[in-house]
file structure-v3.txt (compact mmCIF, C-alpha atoms)
# COMPACT_ATOMS: atom_id res chain seq x y z
CA MET Y 1 0.69 -17.03 -16.07
CA LEU Y 2 1.99 -13.77 -17.48
CA PHE Y 3 -0.14 -11.81 -15.01
CA MET Y 4 1.45 -13.64 -12.08
CA LEU Y 5 4.91 -12.92 -13.49
CA VAL Y 6 4.07 -9.21 -13.63
CA VAL Y 7 2.80 -9.39 -10.03
CA ALA Y 8 6.06 -10.99 -8.91
CA VAL Y 9 8.15 -8.37 -10.73
CA HIS Y 10 5.96 -5.59 -9.32
CA VAL Y 11 6.22 -6.73 -5.70
CA THR Y 12 9.96 -7.35 -6.00
CA SER Y 13 10.56 -3.93 -7.53
CA CYS Y 14 8.47 -2.31 -4.78
CA VAL Y 15 10.49 -3.86 -1.99
CA LEU Y 16 13.85 -3.22 -3.66
CA LEU Y 17 12.87 0.36 -4.49
CA ILE Y 18 12.08 1.02 -0.83
CA VAL Y 19 15.43 -0.44 0.22
CA ALA Y 20 17.35 1.51 -2.43
CA VAL Y 21 15.73 4.81 -1.43
CA LEU Y 22 16.40 4.23 2.26
CA LEU Y 23 20.05 3.40 1.65
CA GLN Y 24 20.76 6.60 -0.27
CA SER Y 25 22.36 9.49 1.50
CA GLY Y 26 20.39 12.65 1.52
CA LYS Y 27 20.98 16.09 2.89
CA ASP Y 28 21.52 14.75 6.40
CA ALA Y 29 23.57 11.64 5.56
CA GLY Y 30 20.52 9.40 5.12
CA LEU Y 31 20.31 6.05 6.85
CA SER Y 32 24.06 5.94 7.46
CA GLY Y 33 23.68 8.82 9.92
CA ALA Y 34 21.03 6.90 11.81
CA PHE Y 35 23.52 4.11 12.52
CA GLY Y 36 26.20 6.52 13.70
CA LEU Y 37 28.42 6.09 10.67
CA GLY Y 38 28.62 9.81 10.07
CA GLY Y 39 27.88 11.74 6.93
CA GLY Y 40 30.61 13.44 5.00
CA GLY Y 41 29.06 12.63 1.63
CA GLN Y 42 29.49 8.91 2.06
CA THR Y 43 26.89 6.21 2.31
CA ILE Y 44 27.08 2.98 4.26
CA PHE Y 45 28.85 1.34 1.32
CA GLY Y 46 31.39 4.06 0.54
CA ALA Y 47 31.61 7.24 -1.51
CA ARG Y 48 30.93 5.68 -4.93
CA ALA Y 49 27.85 3.77 -3.76
CA GLY Y 50 25.71 6.90 -4.21
CA ASP Y 51 26.15 6.71 -7.97
CA VAL Y 52 25.29 3.03 -8.08
CA LEU Y 53 22.28 3.43 -5.77
CA GLY Y 54 21.03 6.33 -7.88
CA LYS Y 55 21.14 4.23 -11.04
CA VAL Y 56 19.56 1.25 -9.29
CA THR Y 57 16.77 3.52 -8.03
CA ILE Y 58 16.08 4.77 -11.55
CA VAL Y 59 15.96 1.23 -12.96
CA LEU Y 60 13.65 0.06 -10.17
CA ALA Y 61 11.37 3.08 -10.58
CA VAL Y 62 11.05 2.44 -14.32
CA THR Y 63 10.38 -1.25 -13.63
CA PHE Y 64 7.68 -0.27 -11.13
CA ILE Y 65 5.99 2.11 -13.58
CA VAL Y 66 6.11 -0.39 -16.45
CA SER Y 67 4.63 -3.12 -14.26
CA CYS Y 68 1.84 -0.74 -13.21
CA LEU Y 69 1.06 -0.06 -16.85
CA LEU Y 70 1.13 -3.77 -17.66
CA PHE Y 71 -1.47 -4.40 -14.98
CA THR Y 72 -3.97 -2.38 -16.97
CA ARG Y 73 -3.51 -4.59 -20.03
CA LEU Y 74 -3.05 -7.99 -18.42
CA ARG Y 75 -5.88 -8.23 -15.94
CA PRO Y 76 -7.39 -11.71 -15.72
CA ALA Y 77 -10.32 -12.71 -17.93
CA GLY Y 78 -13.60 -11.65 -16.43
CA GLY Y 79 -11.86 -9.06 -14.29
CA ARG Y 80 -13.78 -5.91 -13.61
CA SER Y 81 -13.22 -2.55 -12.06
CA ILE Y 82 -13.24 -2.29 -8.29
CA VAL Y 83 -15.35 0.85 -8.56
CA GLY Y 84 -18.03 -0.99 -10.52
CA ALA Y 85 -17.96 -3.93 -8.12
CA VAL Y 86 -18.49 -1.69 -5.10
CA GLY Y 87 -21.54 -0.06 -6.69
CA GLU Y 88 -23.09 -3.43 -7.58
CA GLU Y 89 -22.51 -5.00 -4.16
CA ALA Y 90 -23.71 -2.02 -2.14
CA ALA Y 91 -27.28 -2.00 -3.48
CA PRO Y 92 -28.20 -5.67 -2.70
CA ALA Y 93 -26.49 -5.51 0.69
CA ALA Y 94 -28.58 -2.51 1.73
CA ALA Y 95 -31.83 -4.24 0.71
CA ALA Y 96 -30.94 -7.49 2.52
CA VAL Y 97 -30.60 -5.87 5.97
CA PRO Y 98 -33.86 -6.26 7.92
CA PRO Y 99 -35.09 -3.30 9.95
CA ALA Y 100 -34.25 -3.34 13.66
CA PRO Y 101 -37.15 -4.32 15.93
CA GLU Y 102 -38.69 -1.53 17.91
CA ALA Y 103 -38.38 -1.65 21.70
CA PRO Y 104 -41.58 -1.69 23.76
CA ALA Y 105 -42.60 1.65 25.22
CA GLY Y 106 -42.12 0.54 28.85
CA ALA Y 107 -38.68 -1.00 28.23
CA ALA Y 108 -36.99 2.37 27.73
CA GLY Y 109 -38.03 3.60 31.19
CA GLU Y 110 -37.12 0.33 32.94
CA ALA Y 111 -33.68 0.12 31.35
CA GLY Y 112 -32.51 3.35 33.01
CA GLY Y 113 -33.93 2.48 36.43
CA ASP Y 114 -33.64 4.69 39.50
CA ALA Y 115 -31.07 3.38 41.93
CA GLY Y 116 -31.31 6.30 44.17
call {"tool": "encode", "arguments": {"input": "structure-v3.txt", "output": "structure tokens"}}
result
Amino acid sequence: MLFMLVVAVHVTSCVLLIVAVLLQSGKDAGLSGAFGLGGGGQTIFGARAGDVLGKVTIVLAVTFIVSCLLFTRLRPAGGRSIVGAVGEEAAPAAAAVPPAPEAPAGAAGEAGGDAG
């Protein structure tokens, strides 16, 4: 239950962080310049929106980092590392593949065939 709550917070903070970063004005007027709204130190939402978006970005970044750290402590029971799972699954899969049948000696020459 708590793990799913952290997942929801993590995904929400990811999406909102992307939006907040894209809405900020940068050196070249950010996304507001892409819509033809000009630069001049203003964002889409006015001159003071840069301060608010900066603070929102910081809060979302901290939320993202904290949720990442919580993932390490709240993984589900019986959960294991992906790295360990890849190593365990690779060995049986390689042994289960049967060898390819060999083609008859005459089949290689007939497959090319002279059309000429």
call {"tool": "residues_around", "arguments": {"input": "structure-v3.txt", "residues": "Arg75 in chain Y", "least_positions_apart": "5", "cutoff": "10 Å", "atoms": "all atoms listed in the file", "output": "PyMOL selection string"}}
result
chain Y and resi 2-4+70+80
call {"tool": "atom_distance", "arguments": {"input": "structure-v3.txt", "atom1": "CA of Ala20 in chain Y", "atom2": "CA of Val7 in chain Y"}}
result
19.7 Å
call {"tool": "residues_around", "arguments": {"input": "structure-v3.txt", "residues": "Thr57 in chain Y", "least_positions_apart": "4", "cutoff": "12 Å", "atoms": "all atoms listed in the file", "output": "PyMOL selection string"}}
result
chain Y and resi 13-24+49-53+61-64
call {"tool": "atom_distance", "arguments": {"input": "structure-v3.txt", "atom1": "CA of Gly54 in chain Y", "atom2": "CA of Ser67 in chain Y"}}
result
20.0 Å
call {"tool": "atom_distance", "arguments": {"input": "structure-v3.txt", "atom1": "CA of Leu60 in chain Y", "atom2": "CA of Val83 in chain Y"}}
result
29.1 Å
